Each structure stands twice: as C-alpha cells, then as structure tokens.
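Q: Next up is a structure, given as structure tokens.
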Amino acid sequence: MTDVLVLGSGGREHAVVHALNKSSKVGRVYCAPGNAGIAKEAECVNIGVMQFEDIAQFLLSHPNITLTVATPDNPLVDGIVDYLTERGHRTFGPQKAAALIEGSKLFAKRLMKENGIPTADYEFFDDYTLALEYIKKAAYPLVVKADGLAFGKGVIICSDYLQAQKALTSIMCDATFGKSNRSVVIEQFLVGREVTLLAFTDGKTVSLMPSAQDHKRAGDGDTGLNTGGMGAFSPSPYFTKELLEKTKEKIVYPTIKALNNCNRTFKGVLYFGLMICNGKPYVIEYNARFGDPETQAILPLLNSDLYDILNSVVDENLSEVKIEWRAGQAVSVVLASEGYPGAYATGSKIEIIDTPQVEIYHAGTKQVGDSIVTSGGRVLAVTAVDINMEKAREKVYGAIKNISFDGMFYRNDIGIK
Ligand code: AMP
Ligand code: GLY
C-alpha cells in the first residue's frame with residue numbers, strides 16, 4: 001500500500017480523489033488544499049497549489065506518498081512537476097516546457113500551424129495600435145484571446161468592432177489578466193459542435209478517454225455568460241467513430257509528435273478542445289490537464305485502476321497498462337451560486353437528503369462546525385451513469401431535487417442537445 005497526494009480543490013480533484021480511493025494499492029489519499037467533500041474521502045492539507053516549497057516540505061515529511069498528482073493549470077504552467085521531480089518526488093503531470101501548450105495560446109497556435117494541425121486562422125499582436133488596425137478591417141464575429149492563463153476568462157467572442165476594441169483595451173491596456181499577459185491572439189470564429197477529448201500519454205503511447213461535452217454558458221440553451229463549465233456528459237453521442245479516427249490522425253498523433261520534436265515531450269493528461277465544423281475536427285484549445293467539469297463525467301466510467309494508469313505515465317510504460325471503460329452514459333450537472341460567474345454570496349448551508357444513485361463531487365464547499373456551506377461559484381457537481389442519456393438525466397435531475405442551498409441554480413438542459 002502506498003499513499004498519494006492530489007493537488008487542487010475543485011470538483012475535478014474530488015473526482016480524481018474518488019477514483020484513486022478505489023485502487024487496492026492506494027492506502028491514504030491526501031489532498032492539498034481540498035474542500036469539505038474531499039475531506040470525507042481524503043486527508044486535506046492546508047497548503048495552496050502555488051506553495052511549491054510547502055508542498056515539497058510536506059512530501060519530505062510523508063515518505064509513504066509515492067505519487068503526487070498535479071491537476072490545476074497554474075502550478076503546471078509554473079513548473080510544479082519539474083520542481084517536485086527535481087527533489088525526488090514522483091509527480092504526475094507535464095513538465096513546464098510541455099505545459100506551455102496551455103500556458104501560451106501563441107505557442108499552441110504556432111505549433112499547430114507549423115505541423116498542419118487544423119485550427120482557426122489567427123493573428124498575434126503585442127502592439128495595441130496594430131491590433132486596433134487589424135480589428136477595423138477584420139470579419140466578424142471574431143475571437144480575442146489573452147495569450148497566457150486568465151482564470152478561464154481570457155477568451156472573448158466579439159460580434160462587432162466595439163466589443164473587440166473593449167476586449168483589446170481590457171487585455172492590452174488595463175492588463176486585466178496581468179502585466180505579463182498583455183499579448184493577444186485574434187482568431188476566426190468557428191461554428192460547429194464542441195467536443196472535448198482527453199488523452200493519457202507518456203509521450204510514446206496515447207490512450208484516449210471517452211469523449212465529452214462541456215457546457216460553458218450559465219443558462220439553458222447556451223445563453224448567459226461564459227463560466228468555468230456548468231455540466232458535461234460523456235461520451236458525446238455526436239463524436240462518431242469516423243470523427244474519432246479523423247481526430248487521431250489529424251490532431252492527436254501530430255500534436256504528440258510535434259511536442260516530442262521540439263523537446264517538450266508531454267506526459268500527463270492532454271486536453272483537446274475541439275470544434276467539429278462540417279464533419280471536420282478543429283482544435284480550439286489545448287489544456288495540459290484533466291478538464292473541469294468533463295472529468296466529473298468521464299472518470300465515473302473508468303473500470304481500470306487510476307493509480308496504475310497515472311503511475312505508468314510517470315514511468316513511461318503506459319503501453320503495458322490495459323485501460324477499460326464501462327459502457328453507458330454519464331451526465332454531470334453543476335450546482336452553482338446565484339450570480340456566478342459574477343459576484344455571488346458564500347456561506348449558505350448545503351442540505352443534501354438521500355441521493356443514493358449519484359456521485360456528488362464538491363467544488364466550492366467548506367466545513368463550518370457541523371455544517372457544509374458554500375464557498376465558491378460552482379458548489380457541487382452531481383453525476384449519474386446509466387445505460388442512456390435519458391436515464392442518466394432522470395437520475396441526476398431526480399437527485400438534484402434532494403439538494404438545496406440558498407441561491408442554488410443549475411442548467412436543466414445538460415444532455416438534451
Ligand atoms: P477557452 O477558454 O479557450 O475554453 O474558450 C472558451 C470558449 O470559447 C470555448 O469553449 C468555445 O466555446 C469558445 N471559443 C474559443 N475559441 C473559439 C473559436 N475560434 N471559435 C468559436 N468559439 C470559440
Ligand atoms: N472544461 C474546460 C476546462 O477544463 O478548461
């Protein structure tokens with residue numbers, strides 16, 4: 001038996017902790033910093049994901065931990081895997097050089113362009129005046145993206161010049177996403193259906209997980225503001241075998257190869273955010289990690305031992321592990337606090353009556369005395385698995401009726417479209 005440490009505090013991390021707990025090889029799961037729901041399944045440690053020194057110190061004093069799982073974007077892009085690995089701690093996730101595929105949109109776009117990987121046409125600007133000149137003549141809608149990480153808020157879809165100007169001013173002049181994050185990629189707006197594809201890879205072998213679909217907008221029917229994700233289902237019924245084959249050939253394998261060729265071998269979970277346009281897959285974004293909330297829909301379908309898989313990625317022998325997924329449909333619905341993704345209240349008591357047929361992953365929760373209260377915009381993700389979408393939806397929305405907190409809202413249409 002061995003112990004593991006998971007870094008993070010969201011619904012995604014709760015799903016990872018839950019899956020690791022199923023392994024017969026794992027003794028104790030620790031999570032830094034975790035949340036009130038994770039604390040029921042793991043020992044939460046009060047260390048933030050950017051406190052590299054404290055994490056290393058904690059690992060030194062817990063020699064039984066043989067694997068650290070790094071899931072959030074910020075520490076990955078800042079090199080947590082390099083930092084811990086250099087100090088002798090086995091860590092799952094890409095090194096800083098490879099995580100740049102998420103850390104810089106320009107790097108990702110150039111990699112795609114140079115390797116013929118289908119993506120939206122784009123221009124890069126680090127000069128505000130030139131960017132303004134460009135958007136005067138450009139066709140709309142267009143998409144303005146901050147080059148670096150932006151708490152999931154750096155992508156702005158603009159339907160006219162005024163919106164684009166506002167987006168540019170905010171990123172380039174007001175430095176909304178940081179002084180070192182003032183460059184932009186401006187790209188063509190793609191119309192189609194979005195699909196998320198996650199892959200385990202050790203840089204040599206690629207093992208794809210079932211496809212998924214995220215729901216970014218706050219309201220039913222894809223209305224309202226963009227959020228971190230209001231729900232997901234997996235697999236995506238729209239991602240046919242034919243599309244999968246095209247995506248492997250045109251996108252997945254070329255990306256892994258391109259990263260190897262520029263000495264940025266990717267080990268971890270590589271996230272392909274795809275747009276299917278006229279039957280053809282295009283990359284809208286890469287992430288260097290498990291997606292949130294896709295993971296809350298995907299991992300409940302995993303029949304194999306997650307610990308074995310993560311270990312084999314670190315040891316670069318993923319080809320020796322058989323990864324099996326159960327048939328069926330998973331639907332995960334996020335319960336959020338009124339106001340999210342804008343300002344919202346916290347500290348509302350969460351009541352959960354009997355919900356036997358679902359998994360409840362905590363995202364923004366905190367233990368206060370005997371109660372669990374809300375502490376974030378996205379509070380819980382409720383996941384059900386059944387033989388088809390209709391049955392999974394029935395289970396999930398049935399269970400949600402037994403959950404409540406002040407200001408709770410959620411989308412009613414996850415799994416409908
Ligand atoms: P991201 O933060 O990169 O996940 O982008 C947020 C969302 O913006 C994506 O999930 C898409 O819905 C949308 N998006 C990003 N790039 C494009 C594009 N080129 N065309 C259309 N929609 C896009
Ligand atoms: N679901 C989108 C993300 O994880 O960034």
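By convention in this document, the chains of the structure tokens carry letters A, B, ... by their order, each chain's residues are numbered from 1, and ligands are numbered from 1 in the order they are shown.
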So that each row is one residue of chain A with an atom at most 7 Å from ligand 1, can you give its shortest atom pair and the distance in Å to one decimal, using only C-alpha atoms and all ligand atoms, rows by chain and rising number, as a Markdown table?

A:
```
| residue | atom | partner | partner_atom_place_in_ligand_line | distance |
| --- | --- | --- | --- | --- |
| A:Ala120 | CA | ligand 1 | 19 (N) | 5.5 |
| A:Val143 | CA | ligand 1 | 19 (N) | 5.9 |
| A:Gly152 | CA | ligand 1 | 2 (O) | 5.1 |
| A:Lys153 | CA | ligand 1 | 2 (O) | 6.3 |
| A:Gly154 | CA | ligand 1 | 2 (O) | 6.3 |
| A:Val155 | CA | ligand 1 | 2 (O) | 5.2 |
| A:Ile157 | CA | ligand 1 | 8 (O) | 6.9 |
| A:Glu187 | CA | ligand 1 | 19 (N) | 5.7 |
| A:Gln188 | CA | ligand 1 | 19 (N) | 5.3 |
| A:Phe189 | CA | ligand 1 | 20 (N) | 3.6 |
| A:Leu190 | CA | ligand 1 | 20 (N) | 3.7 |
| A:Val191 | CA | ligand 1 | 21 (C) | 5.9 |
| A:Glu194 | CA | ligand 1 | 12 (O) | 7.0 |
| A:Lys216 | CA | ligand 1 | 10 (O) | 6.3 |
| A:Ile284 | CA | ligand 1 | 16 (N) | 5.0 |
| A:Glu285 | CA | ligand 1 | 3 (O) | 5.1 |
```

Q: If the limit is 6 Å from any atom of ligand 2, counting only C-alpha atoms and all ligand atoms, which residues qualify? Return them as a count of residues only.

A: 6

Q: Kindly indicate which residue among A:Asp73, A:Asp413, A:Asp386, A:Asp305 lies nearest to A:Pro235, using only C-alpha atoms for the distances.

A: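 Under the stated criterion, the closest residue is A:Asp386.
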
Q: Can you pull out every residue within 10 Å of A:Ala199, counting only C-alpha atoms, but drop anything in the same chain fewer than 6 positions away, and send it as a ChimeraX atom specification?

A: /A:205-211,252,268-272,289-290

Q: Quick one: everything within 10 Å of A:Asp127, counting only C-alpha atoms, minus sequence neighbours fewer than 4 positions away in the same chain. Send it as a count of residues only.

A: 7

Q: Check the smallest atom-to-atom distance from each of A:Leu142, A:Val69, A:Val185, A:Val379 to A:Ala164 using only C-alpha atoms, then report the winner.

A: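 Closest to A:Ala164 of all the choices is A:Leu142.
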
Q: Calculate how many Å separate atom CA of A:Gly228 from atom CA of A:Tyr340, rounding to one decimal.

A: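 Those two atoms sit 9.7 Å apart.
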
Q: Set the distance at 12 Å and use only C-alpha atoms: which residues neighbour A:Glu133 once local chain neighbours fewer than 4 positions away are removed? I'd like the list as a VMD selection string.

A: chain A and resid 125 127 to 129 137 to 138 161 164 to 165 168

Q: Could you work out how far atom CA of A:Lys248 lies from atom CA of A:Ser234, giving the answer in Å with one decimal?

A: 18.1 Å

Q: Could you pull out the alpha helix (DSSP H) residues of stretch 194-399 of chain A from DSSP and send them as a PyMOL selection string?

A: chain A and resi 241-247+253-261+294-298+306-314+389-399

Q: Tell me, which residues of stretch 30-253 of chain A carry DSSP strand (DSSP E), written as a CSV table (one decimal) with N, CA, C and O atoms, in the first residue's frame?

A:
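This went into out09.csv:
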```
chain,number,residue,atom,x,y,z
A,30,TYR,N,-4.1,12.0,0.2
A,30,TYR,CA,-4.1,13.4,0.8
A,30,TYR,C,-4.5,14.3,-0.3
A,30,TYR,O,-4.3,14.1,-1.5
A,31,CYS,N,-5.0,15.5,0.1
A,31,CYS,CA,-5.4,16.5,-0.9
A,31,CYS,C,-5.0,17.9,-0.4
A,31,CYS,O,-5.4,18.2,0.7
A,32,ALA,N,-4.3,18.6,-1.2
A,32,ALA,CA,-3.9,20.0,-0.8
A,32,ALA,C,-4.5,21.0,-1.8
A,32,ALA,O,-4.1,20.9,-3.0
A,33,PRO,N,-5.4,21.9,-1.5
A,33,PRO,CA,-5.9,22.0,-0.1
A,33,PRO,C,-7.2,21.3,0.1
A,33,PRO,O,-7.7,21.1,1.2
A,43,GLU,N,-7.4,13.0,3.3
A,43,GLU,CA,-7.0,13.9,4.4
A,43,GLU,C,-6.6,15.2,3.7
A,43,GLU,O,-5.6,15.3,2.9
A,44,CYS,N,-7.3,16.3,4.0
A,44,CYS,CA,-7.0,17.6,3.4
A,44,CYS,C,-5.9,18.2,4.2
A,44,CYS,O,-5.8,18.2,5.4
A,65,ILE,N,4.1,8.7,0.7
A,65,ILE,CA,3.5,9.2,-0.5
A,65,ILE,C,4.4,9.0,-1.7
A,65,ILE,O,5.5,9.5,-1.7
A,66,THR,N,4.0,8.1,-2.6
A,66,THR,CA,4.9,7.8,-3.7
A,66,THR,C,4.5,8.4,-5.0
A,66,THR,O,5.1,8.3,-6.1
A,67,LEU,N,3.3,9.1,-5.0
A,67,LEU,CA,2.9,9.8,-6.2
A,67,LEU,C,2.1,11.1,-5.9
A,67,LEU,O,1.2,11.0,-5.0
A,68,THR,N,2.5,12.2,-6.5
A,68,THR,CA,1.7,13.4,-6.4
A,68,THR,C,1.0,13.7,-7.7
A,68,THR,O,1.7,13.5,-8.8
A,69,VAL,N,-0.2,14.0,-7.7
A,69,VAL,CA,-1.0,14.2,-8.9
A,69,VAL,C,-1.3,15.7,-9.0
A,69,VAL,O,-2.0,16.3,-8.2
A,70,ALA,N,-0.7,16.3,-10.1
A,70,ALA,CA,-0.9,17.8,-10.2
A,70,ALA,C,-1.9,18.0,-11.3
A,70,ALA,O,-1.7,17.7,-12.4
A,91,THR,N,5.9,12.7,-9.7
A,91,THR,CA,4.8,13.6,-9.9
A,91,THR,C,4.1,13.3,-11.2
A,91,THR,O,4.8,13.3,-12.3
A,92,PHE,N,2.8,13.2,-11.2
A,92,PHE,CA,2.0,13.0,-12.5
A,92,PHE,C,1.7,14.4,-13.0
A,92,PHE,O,1.1,15.2,-12.3
A,122,TYR,N,-5.4,32.7,-37.4
A,122,TYR,CA,-5.2,33.7,-36.3
A,122,TYR,C,-4.2,34.7,-36.7
A,122,TYR,O,-3.4,34.5,-37.6
A,123,GLU,N,-4.1,35.8,-35.9
A,123,GLU,CA,-3.0,36.8,-35.9
A,123,GLU,C,-2.6,37.0,-34.5
A,123,GLU,O,-3.5,36.9,-33.6
A,124,PHE,N,-1.4,37.3,-34.3
A,124,PHE,CA,-0.9,37.6,-32.9
A,124,PHE,C,-0.5,39.1,-32.8
A,124,PHE,O,0.1,39.6,-33.7
A,125,PHE,N,-0.8,39.7,-31.7
A,125,PHE,CA,-0.4,41.1,-31.5
A,125,PHE,C,0.1,41.3,-30.1
A,125,PHE,O,-0.5,40.9,-29.1
A,142,LEU,N,-15.4,37.6,-34.3
A,142,LEU,CA,-14.0,37.1,-34.2
A,142,LEU,C,-13.8,36.8,-32.7
A,142,LEU,O,-14.6,37.2,-31.8
A,143,VAL,N,-12.7,36.2,-32.4
A,143,VAL,CA,-12.4,35.8,-31.0
A,143,VAL,C,-11.1,36.4,-30.6
A,143,VAL,O,-10.1,36.2,-31.2
A,144,VAL,N,-11.1,37.1,-29.5
A,144,VAL,CA,-9.9,37.7,-28.9
A,144,VAL,C,-9.5,36.9,-27.7
A,144,VAL,O,-10.3,36.6,-26.8
A,145,LYS,N,-8.2,36.4,-27.7
A,145,LYS,CA,-7.8,35.6,-26.6
A,145,LYS,C,-6.5,36.1,-26.0
A,145,LYS,O,-5.5,36.4,-26.7
A,146,ALA,N,-6.5,36.3,-24.7
A,146,ALA,CA,-5.3,36.6,-24.0
A,146,ALA,C,-4.3,35.5,-24.2
A,146,ALA,O,-4.7,34.3,-24.1
A,155,VAL,N,-11.0,34.4,-23.0
A,155,VAL,CA,-11.5,34.2,-24.4
A,155,VAL,C,-12.7,35.1,-24.5
A,155,VAL,O,-13.7,34.9,-23.8
A,156,ILE,N,-12.7,36.0,-25.5
A,156,ILE,CA,-13.8,36.9,-25.6
A,156,ILE,C,-14.3,36.9,-27.1
A,156,ILE,O,-13.6,37.2,-28.0
A,157,ILE,N,-15.6,36.4,-27.2
A,157,ILE,CA,-16.1,36.3,-28.6
A,157,ILE,C,-16.8,37.7,-28.9
A,157,ILE,O,-17.6,38.2,-28.1
A,158,CYS,N,-16.4,38.3,-30.0
A,158,CYS,CA,-16.8,39.6,-30.3
A,158,CYS,C,-17.6,39.7,-31.6
A,158,CYS,O,-17.2,39.2,-32.6
A,184,VAL,N,-2.2,39.3,-27.4
A,184,VAL,CA,-3.4,38.6,-27.8
A,184,VAL,C,-3.3,37.8,-29.0
A,184,VAL,O,-2.4,38.1,-29.9
A,185,VAL,N,-4.1,36.8,-29.1
A,185,VAL,CA,-4.3,36.0,-30.3
A,185,VAL,C,-5.7,36.4,-30.8
A,185,VAL,O,-6.6,36.4,-30.0
A,186,ILE,N,-5.8,36.9,-32.0
A,186,ILE,CA,-7.2,37.2,-32.5
A,186,ILE,C,-7.5,36.1,-33.6
A,186,ILE,O,-6.7,35.9,-34.5
A,187,GLU,N,-8.6,35.4,-33.4
A,187,GLU,CA,-8.8,34.3,-34.4
A,187,GLU,C,-10.2,34.3,-34.9
A,187,GLU,O,-11.1,34.9,-34.4
A,188,GLN,N,-10.3,33.5,-36.0
A,188,GLN,CA,-11.5,33.3,-36.7
A,188,GLN,C,-12.5,32.6,-35.8
A,188,GLN,O,-12.1,31.7,-35.1
A,193,ARG,N,-20.0,22.1,-33.5
A,193,ARG,CA,-20.3,21.4,-32.2
A,193,ARG,C,-19.0,21.2,-31.4
A,193,ARG,O,-18.1,20.7,-32.0
A,194,GLU,N,-19.0,21.5,-30.2
A,194,GLU,CA,-17.8,21.3,-29.4
A,194,GLU,C,-17.7,20.0,-28.8
A,194,GLU,O,-18.7,19.4,-28.3
A,195,VAL,N,-16.5,19.4,-28.8
A,195,VAL,CA,-16.2,18.1,-28.1
A,195,VAL,C,-14.9,18.2,-27.4
A,195,VAL,O,-14.0,18.9,-27.9
A,196,THR,N,-14.9,17.6,-26.2
A,196,THR,CA,-13.6,17.5,-25.5
A,196,THR,C,-13.1,16.1,-25.6
A,196,THR,O,-13.9,15.1,-25.4
A,197,LEU,N,-11.8,16.0,-25.9
A,197,LEU,CA,-11.2,14.7,-25.9
A,197,LEU,C,-10.0,14.7,-25.0
A,197,LEU,O,-9.1,15.6,-25.1
A,198,LEU,N,-9.9,13.8,-24.0
A,198,LEU,CA,-8.8,13.8,-23.1
A,198,LEU,C,-8.0,12.6,-23.4
A,198,LEU,O,-8.5,11.5,-23.7
A,199,ALA,N,-6.7,12.7,-23.3
A,199,ALA,CA,-5.8,11.6,-23.5
A,199,ALA,C,-4.8,11.4,-22.4
A,199,ALA,O,-4.2,12.4,-22.0
A,200,PHE,N,-4.6,10.2,-21.9
A,200,PHE,CA,-3.4,9.9,-21.1
A,200,PHE,C,-2.3,9.7,-22.1
A,200,PHE,O,-2.4,9.0,-23.1
A,201,THR,N,-1.1,10.2,-21.8
A,201,THR,CA,0.0,9.9,-22.6
A,201,THR,C,1.3,10.0,-21.8
A,201,THR,O,1.4,10.9,-20.9
A,206,VAL,N,-0.5,6.8,-26.5
A,206,VAL,CA,-1.6,7.7,-26.2
A,206,VAL,C,-2.8,6.8,-26.0
A,206,VAL,O,-3.1,5.9,-26.8
A,207,SER,N,-3.5,7.0,-24.9
A,207,SER,CA,-4.7,6.3,-24.6
A,207,SER,C,-5.9,7.3,-24.4
A,207,SER,O,-5.9,8.1,-23.4
A,208,LEU,N,-6.8,7.3,-25.3
A,208,LEU,CA,-7.9,8.3,-25.3
A,208,LEU,C,-9.0,7.9,-24.3
A,208,LEU,O,-9.3,6.7,-24.2
A,213,GLN,N,-18.7,16.4,-23.5
A,213,GLN,CA,-19.1,17.8,-23.9
A,213,GLN,C,-19.3,18.6,-22.7
A,213,GLN,O,-20.0,18.2,-21.8
A,214,ASP,N,-18.6,19.8,-22.7
A,214,ASP,CA,-18.8,20.7,-21.6
A,214,ASP,C,-19.9,21.7,-22.0
A,214,ASP,O,-20.4,21.7,-23.1
A,217,ARG,N,-21.8,28.1,-21.1
A,217,ARG,CA,-22.7,29.2,-20.8
A,217,ARG,C,-23.5,28.9,-19.5
A,217,ARG,O,-23.9,27.8,-19.2
A,218,ALA,N,-23.8,30.0,-18.8
A,218,ALA,CA,-24.5,29.9,-17.5
A,218,ALA,C,-25.9,29.4,-17.6
A,218,ALA,O,-26.5,28.7,-16.7
A,219,GLY,N,-26.6,29.7,-18.7
A,219,GLY,CA,-28.0,29.5,-18.8
A,219,GLY,C,-28.4,28.4,-19.8
A,219,GLY,O,-27.7,28.0,-20.7
A,223,THR,N,-27.3,30.2,-23.2
A,223,THR,CA,-27.5,31.6,-23.0
A,223,THR,C,-26.7,32.1,-21.8
A,223,THR,O,-26.3,31.3,-21.0
A,224,GLY,N,-26.5,33.4,-21.7
A,224,GLY,CA,-25.9,33.9,-20.5
A,224,GLY,C,-24.3,33.9,-20.6
A,224,GLY,O,-23.8,33.7,-21.7
A,225,LEU,N,-23.7,34.3,-19.6
A,225,LEU,CA,-22.2,34.5,-19.6
A,225,LEU,C,-21.5,33.1,-19.7
A,225,LEU,O,-22.0,32.1,-19.3
A,226,ASN,N,-20.2,33.2,-20.1
A,226,ASN,CA,-19.3,32.1,-20.1
A,226,ASN,C,-18.9,31.8,-18.7
A,226,ASN,O,-18.6,32.7,-17.9
A,231,GLY,N,-21.7,21.9,-16.6
A,231,GLY,CA,-22.1,20.5,-16.7
A,231,GLY,C,-21.4,19.8,-17.9
A,231,GLY,O,-20.9,20.5,-18.7
A,232,ALA,N,-21.5,18.5,-17.9
A,232,ALA,CA,-20.9,17.8,-19.0
A,232,ALA,C,-21.6,16.4,-19.2
A,232,ALA,O,-22.2,16.0,-18.2
A,233,PHE,N,-21.4,15.9,-20.3
A,233,PHE,CA,-21.8,14.5,-20.5
A,233,PHE,C,-20.7,13.7,-21.2
A,233,PHE,O,-19.9,14.3,-21.9
A,234,SER,N,-20.6,12.4,-21.0
A,234,SER,CA,-19.6,11.6,-21.6
A,234,SER,C,-20.2,10.2,-21.8
A,234,SER,O,-20.8,9.7,-20.8
```

Q: State, in Å with one decimal place, the distance from atom CA of A:Thr355 to atom CA of A:Ser375.

A: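 One can read the atom CA of A:Thr355 to atom CA of A:Ser375 distance as 21.6 Å.
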
Q: Here is a test: counting only C-alpha atoms, which residue of A:Gly407, A:Tyr307, A:Lys113, A:Ser236 is nearest to A:Thr2?

A: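 That would be A:Tyr307, the residue with the smallest distance to A:Thr2.
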
Q: Determine, for each residue of stretch 271-374 of chain A having at least one atom at most 12 Å from an atom of stretch 3-27 of chain A, the closest pair of atoms and their separation in Å to one decimal, counting only C-alpha atoms; order by chain and ascending number, as a tab-separated table.

A:
```
residue	atom	partner	partner_atom	distance
A:Arg289	CA	A:Arg12	CA	10.3
A:Phe290	CA	A:Arg12	CA	7.5
A:Gly291	CA	A:Arg12	CA	7.3
A:Asp292	CA	A:Arg12	CA	5.4
A:Pro293	CA	A:Arg12	CA	6.3
A:Glu294	CA	A:Arg12	CA	8.0
A:Thr295	CA	A:Arg12	CA	5.7
A:Gln296	CA	A:Ala15	CA	5.6
A:Ala297	CA	A:Ala15	CA	8.8
A:Ile298	CA	A:Ala15	CA	9.2
A:Leu299	CA	A:Ala15	CA	6.8
A:Pro300	CA	A:Ala19	CA	7.6
A:Leu301	CA	A:Ala19	CA	10.1
A:Leu302	CA	A:Ala19	CA	8.3
A:Asn303	CA	A:Ala19	CA	9.6
A:Ser304	CA	A:Ser23	CA	8.8
A:Asp305	CA	A:Ser23	CA	5.6
A:Leu306	CA	A:Leu20	CA	5.8
A:Tyr307	CA	A:Leu20	CA	5.8
A:Asp308	CA	A:Ser23	CA	8.3
A:Ile309	CA	A:Leu20	CA	10.3
A:Leu310	CA	A:Leu20	CA	9.7
A:Asn311	CA	A:Val4	CA	10.8
A:Ser332	CA	A:Gly11	CA	10.6
A:Val333	CA	A:Gly11	CA	11.1
A:Val334	CA	A:Gly11	CA	9.2
A:Leu335	CA	A:Gly11	CA	11.0
A:Ala336	CA	A:Gly11	CA	11.9
A:Glu359	CA	A:Ala15	CA	9.0
A:Ile360	CA	A:Gly11	CA	8.9
A:Tyr361	CA	A:Gly11	CA	5.2
A:His362	CA	A:Gly11	CA	5.1
A:Ala363	CA	A:Gly10	CA	4.1
A:Gly364	CA	A:Gly10	CA	6.7
A:Thr365	CA	A:Gly10	CA	9.1
A:Lys366	CA	A:Ser9	CA	10.6
```

Q: Let me make sure I understand: among A:Ser319, A:Ala36, A:Val358, A:Lys136, which one has the smallest atom-to-atom distance to A:Thr374 if we use only C-alpha atoms?

A: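 Closest candidate: A:Ala36.
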
Q: In terms of the shortest atom-to-atom distance over only C-alpha atoms, which of A:Glu41, A:Lys395, A:Asp220, A:Asp202 is closest to A:Pro356?

A: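 Answer, going by the shortest atom-to-atom distance: A:Lys395.
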